[in-house]
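**Student:** There's a structure below that I have some questions on.
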Amino acid sequence: MDNCIFCKIVSGAIPAKRIYEDDELLAFHDVSPQAPVHFLVIPRRHIRNIMELAPEDVALVGHLLHKAQELAAKLGCAEKGARFVINCKSDGGQTVDHLHIHVLGGRPLAWPPG
Ligand code: AMP
């Protein structure tokens with residue numbers, strides 16, 4: 001999608017600190033980290049948010065989550081855990097309209113969120 005910042009990261013038009021990529025997804029460090037570990041896992045395909053997932057996306061979602069877990073462990077979060085977050089639309093605090101999983105770890109995180 002032309003004006004989507006994450007599509008531009010996927011295409012390479014905008015740089016990002018990439019952690020992992022394959023045919024389906026991309027993982028990269030958040031530009032404004034809120035914890036010692038803070039990265040995003042996104043599908044290459046432009047899906048606006050979790051409300052727009054279709055039944056045929058089930059395998060993709062499993063892959064996104066599994067890769068988020070695997071990379072969190074690789075980045076040192078296996079023992080103490082991490083937070084896996086998907087913000088959706090305005091009430092959910094989504095600012096980039098391309099589906100993404102936040103993975104935050106490396107420090108204790110408060111709950112509930114504000
Ligand atoms: P959300 O508010 O859930 O939509 O999260 C969007 C996230 O994308 C925020 O944490 C931003 O810091 C992050 N972000 C925005 N632009 C970039 C970028 N160019 N590279 C990496 N992360 C970004």
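Just remember, in the structure tokens the first chain shown is A, the second B, etc., residues are 1-based per chain, and ligands are 1-based in the order shown.
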Apply DSSP to the backbone of this structure and, from chain A, keep only the residues in strand (DSSP E or B); write these as a list in words.

**Tutor:** Arg18, Ile19, Tyr20, Glu21, Leu25, Leu26, Ala27, Phe28, His29, Val37, His38, Phe39, Leu40, Val41, Ile42, Pro43, Ala82, Arg83, Phe84, Val85, Ile101, His102, Val103, Leu104 and Gly105 of chain A

**Student:** Could the residues that lie within 9 Å of ligand 1, counting only C-alpha atoms and all ligand atoms, be listed as a PyMOL selection string?

**Tutor:** chain A and resi 5-6+8-9+14-17+28-34+38-40+85-89+92-102

**Student:** Can you list every residue in chain A that DSSP puts in alpha helix (DSSP H), as a list in words?

**Tutor:**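 Filtering chain A down to alpha helix (DSSP H) leaves Ile5, Phe6, Cys7, Lys8, Ile9, Val10, Ser11, Val58, Ala59, Leu60, Val61, Gly62, His63, Leu64, Leu65, His66, Lys67, Ala68, Gln69, Glu70, Leu71, Ala72, Lys89, Ser90, Asp91 and Gly92 of chain A.
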
**Student:** Please write the residues from the selection above to a file, keeping N, CA, C and O atoms, as a JSON list (two decimals), in the first residue's frame.

**Tutor:**
[["chain", "number", "residue", "atom", "x", "y", "z"],
["A", 5, "ILE", "N", 3.66, 3.15, 6.09],
["A", 5, "ILE", "CA", 5.07, 3.16, 6.49],
["A", 5, "ILE", "C", 5.63, 1.75, 6.64],
["A", 5, "ILE", "O", 6.79, 1.49, 6.30],
["A", 6, "PHE", "N", 4.79, 0.81, 7.10],
["A", 6, "PHE", "CA", 5.31, -0.56, 7.27],
["A", 6, "PHE", "C", 5.44, -1.27, 5.91],
["A", 6, "PHE", "O", 6.35, -2.08, 5.73],
["A", 7, "CYS", "N", 4.57, -0.94, 4.95],
["A", 7, "CYS", "CA", 4.76, -1.47, 3.59],
["A", 7, "CYS", "C", 6.07, -0.95, 3.01],
["A", 7, "CYS", "O", 6.78, -1.65, 2.28],
["A", 8, "LYS", "N", 6.41, 0.29, 3.36],
["A", 8, "LYS", "CA", 7.67, 0.87, 2.87],
["A", 8, "LYS", "C", 8.86, 0.18, 3.52],
["A", 8, "LYS", "O", 9.92, 0.03, 2.90],
["A", 9, "ILE", "N", 8.71, -0.24, 4.77],
["A", 9, "ILE", "CA", 9.78, -1.02, 5.41],
["A", 9, "ILE", "C", 9.89, -2.39, 4.73],
["A", 9, "ILE", "O", 11.00, -2.86, 4.44],
["A", 10, "VAL", "N", 8.75, -3.01, 4.45],
["A", 10, "VAL", "CA", 8.76, -4.31, 3.76],
["A", 10, "VAL", "C", 9.50, -4.19, 2.43],
["A", 10, "VAL", "O", 10.35, -5.02, 2.09],
["A", 11, "SER", "N", 9.21, -3.13, 1.66],
["A", 11, "SER", "CA", 9.81, -2.99, 0.33],
["A", 11, "SER", "C", 11.26, -2.52, 0.39],
["A", 11, "SER", "O", 11.97, -2.58, -0.61],
["A", 58, "VAL", "N", -5.55, -17.66, 9.02],
["A", 58, "VAL", "CA", -5.28, -18.35, 10.29],
["A", 58, "VAL", "C", -3.84, -18.87, 10.36],
["A", 58, "VAL", "O", -3.14, -18.70, 11.37],
["A", 59, "ALA", "N", -3.37, -19.47, 9.29],
["A", 59, "ALA", "CA", -2.01, -20.02, 9.30],
["A", 59, "ALA", "C", -0.98, -18.88, 9.42],
["A", 59, "ALA", "O", 0.02, -19.01, 10.15],
["A", 60, "LEU", "N", -1.25, -17.78, 8.74],
["A", 60, "LEU", "CA", -0.35, -16.62, 8.83],
["A", 60, "LEU", "C", -0.27, -16.09, 10.26],
["A", 60, "LEU", "O", 0.81, -15.80, 10.77],
["A", 61, "VAL", "N", -1.41, -16.00, 10.92],
["A", 61, "VAL", "CA", -1.43, -15.51, 12.31],
["A", 61, "VAL", "C", -0.63, -16.45, 13.22],
["A", 61, "VAL", "O", 0.13, -15.99, 14.07],
["A", 62, "GLY", "N", -0.80, -17.72, 13.00],
["A", 62, "GLY", "CA", -0.01, -18.69, 13.79],
["A", 62, "GLY", "C", 1.47, -18.50, 13.56],
["A", 62, "GLY", "O", 2.27, -18.53, 14.50],
["A", 63, "HIS", "N", 1.84, -18.26, 12.34],
["A", 63, "HIS", "CA", 3.25, -18.04, 12.00],
["A", 63, "HIS", "C", 3.77, -16.76, 12.65],
["A", 63, "HIS", "O", 4.86, -16.75, 13.22],
["A", 64, "LEU", "N", 2.97, -15.69, 12.60],
["A", 64, "LEU", "CA", 3.38, -14.42, 13.22],
["A", 64, "LEU", "C", 3.62, -14.61, 14.72],
["A", 64, "LEU", "O", 4.63, -14.17, 15.28],
["A", 65, "LEU", "N", 2.68, -15.28, 15.38],
["A", 65, "LEU", "CA", 2.79, -15.47, 16.83],
["A", 65, "LEU", "C", 3.96, -16.39, 17.19],
["A", 65, "LEU", "O", 4.70, -16.12, 18.13],
["A", 66, "HIS", "N", 4.09, -17.44, 16.43],
["A", 66, "HIS", "CA", 5.19, -18.38, 16.72],
["A", 66, "HIS", "C", 6.53, -17.72, 16.53],
["A", 66, "HIS", "O", 7.46, -17.89, 17.33],
["A", 67, "LYS", "N", 6.65, -16.90, 15.49],
["A", 67, "LYS", "CA", 7.93, -16.21, 15.25],
["A", 67, "LYS", "C", 8.17, -15.16, 16.33],
["A", 67, "LYS", "O", 9.31, -14.98, 16.80],
["A", 68, "ALA", "N", 7.10, -14.48, 16.77],
["A", 68, "ALA", "CA", 7.25, -13.51, 17.87],
["A", 68, "ALA", "C", 7.79, -14.21, 19.12],
["A", 68, "ALA", "O", 8.72, -13.71, 19.77],
["A", 69, "GLN", "N", 7.24, -15.36, 19.43],
["A", 69, "GLN", "CA", 7.70, -16.13, 20.60],
["A", 69, "GLN", "C", 9.15, -16.56, 20.44],
["A", 69, "GLN", "O", 9.97, -16.40, 21.33],
["A", 70, "GLU", "N", 9.48, -17.08, 19.25],
["A", 70, "GLU", "CA", 10.83, -17.58, 19.00],
["A", 70, "GLU", "C", 11.87, -16.46, 19.12],
["A", 70, "GLU", "O", 12.92, -16.62, 19.73],
["A", 71, "LEU", "N", 11.54, -15.30, 18.53],
["A", 71, "LEU", "CA", 12.48, -14.17, 18.57],
["A", 71, "LEU", "C", 12.58, -13.58, 19.97],
["A", 71, "LEU", "O", 13.66, -13.16, 20.40],
["A", 72, "ALA", "N", 11.46, -13.55, 20.70],
["A", 72, "ALA", "CA", 11.50, -13.08, 22.09],
["A", 72, "ALA", "C", 12.47, -13.94, 22.90],
["A", 72, "ALA", "O", 13.30, -13.43, 23.67],
["A", 89, "LYS", "N", -7.11, -0.19, 15.89],
["A", 89, "LYS", "CA", -7.90, 1.02, 15.65],
["A", 89, "LYS", "C", -7.74, 2.04, 16.80],
["A", 89, "LYS", "O", -6.87, 1.92, 17.64],
["A", 90, "SER", "N", -8.59, 3.05, 16.81],
["A", 90, "SER", "CA", -8.35, 4.20, 17.70],
["A", 90, "SER", "C", -8.47, 3.84, 19.17],
["A", 90, "SER", "O", -7.60, 4.19, 19.98],
["A", 91, "ASP", "N", -9.50, 3.11, 19.57],
["A", 91, "ASP", "CA", -9.62, 2.76, 20.98],
["A", 91, "ASP", "C", -8.51, 1.83, 21.43],
["A", 91, "ASP", "O", -8.14, 1.82, 22.61],
["A", 92, "GLY", "N", -7.99, 1.06, 20.53],
["A", 92, "GLY", "CA", -6.90, 0.14, 20.87],
["A", 92, "GLY", "C", -5.53, 0.78, 20.83],
["A", 92, "GLY", "O", -4.53, 0.14, 21.17]]

**Student:** I'd like the contact shell of Arg44 in chain A - 7 Å cut-off, only C-alpha atoms, skipping same-chain residues fewer than 5 positions apart - returned as a PyMOL selection string.

**Tutor:** chain A and resi 10+24-26

**Student:** Those selected residues, please, written with N, CA and C atoms and delivered as a tab-separated table (two decimals), in the first residue's frame.

**Tutor:**
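What follows is the written file result.tsv:
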chain	number	residue	atom	x	y	z
A	10	VAL	N	8.75	-3.01	4.45
A	10	VAL	CA	8.76	-4.31	3.76
A	10	VAL	C	9.50	-4.19	2.43
A	24	GLU	N	6.66	-14.58	4.35
A	24	GLU	CA	5.37	-14.15	4.90
A	24	GLU	C	5.46	-12.94	5.82
A	25	LEU	N	6.58	-12.79	6.52
A	25	LEU	CA	6.62	-11.79	7.60
A	25	LEU	C	7.98	-11.13	7.73
A	26	LEU	N	7.98	-10.10	8.56
A	26	LEU	CA	9.19	-9.33	8.83
A	26	LEU	C	9.18	-8.95	10.31

**Student:** With distances taken over only C-alpha atoms, which residue among A:Met1, A:Ala54, A:Leu109, A:Ile42 lies nearest Lys80 in chain A?

**Tutor:**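 Using only C-alpha atoms, the shortest distance to Lys80 in chain A belongs to A:Leu109.
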
**Student:** Go through A:Ile47, A:Ile19, A:Val37, A:Ala27 and flag the residue nearest Gly105 in chain A, using only C-alpha atoms for the distances.

**Tutor:**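 Among A:Ile47, A:Ile19, A:Val37, A:Ala27, it is A:Val37 that comes nearest to Gly105 in chain A.
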
**Student:** Please measure the separation of CA of Asp2 in chain A and CA of Glu56 in chain A, giving the value in Å to one decimal.

**Tutor:** 24.0 Å
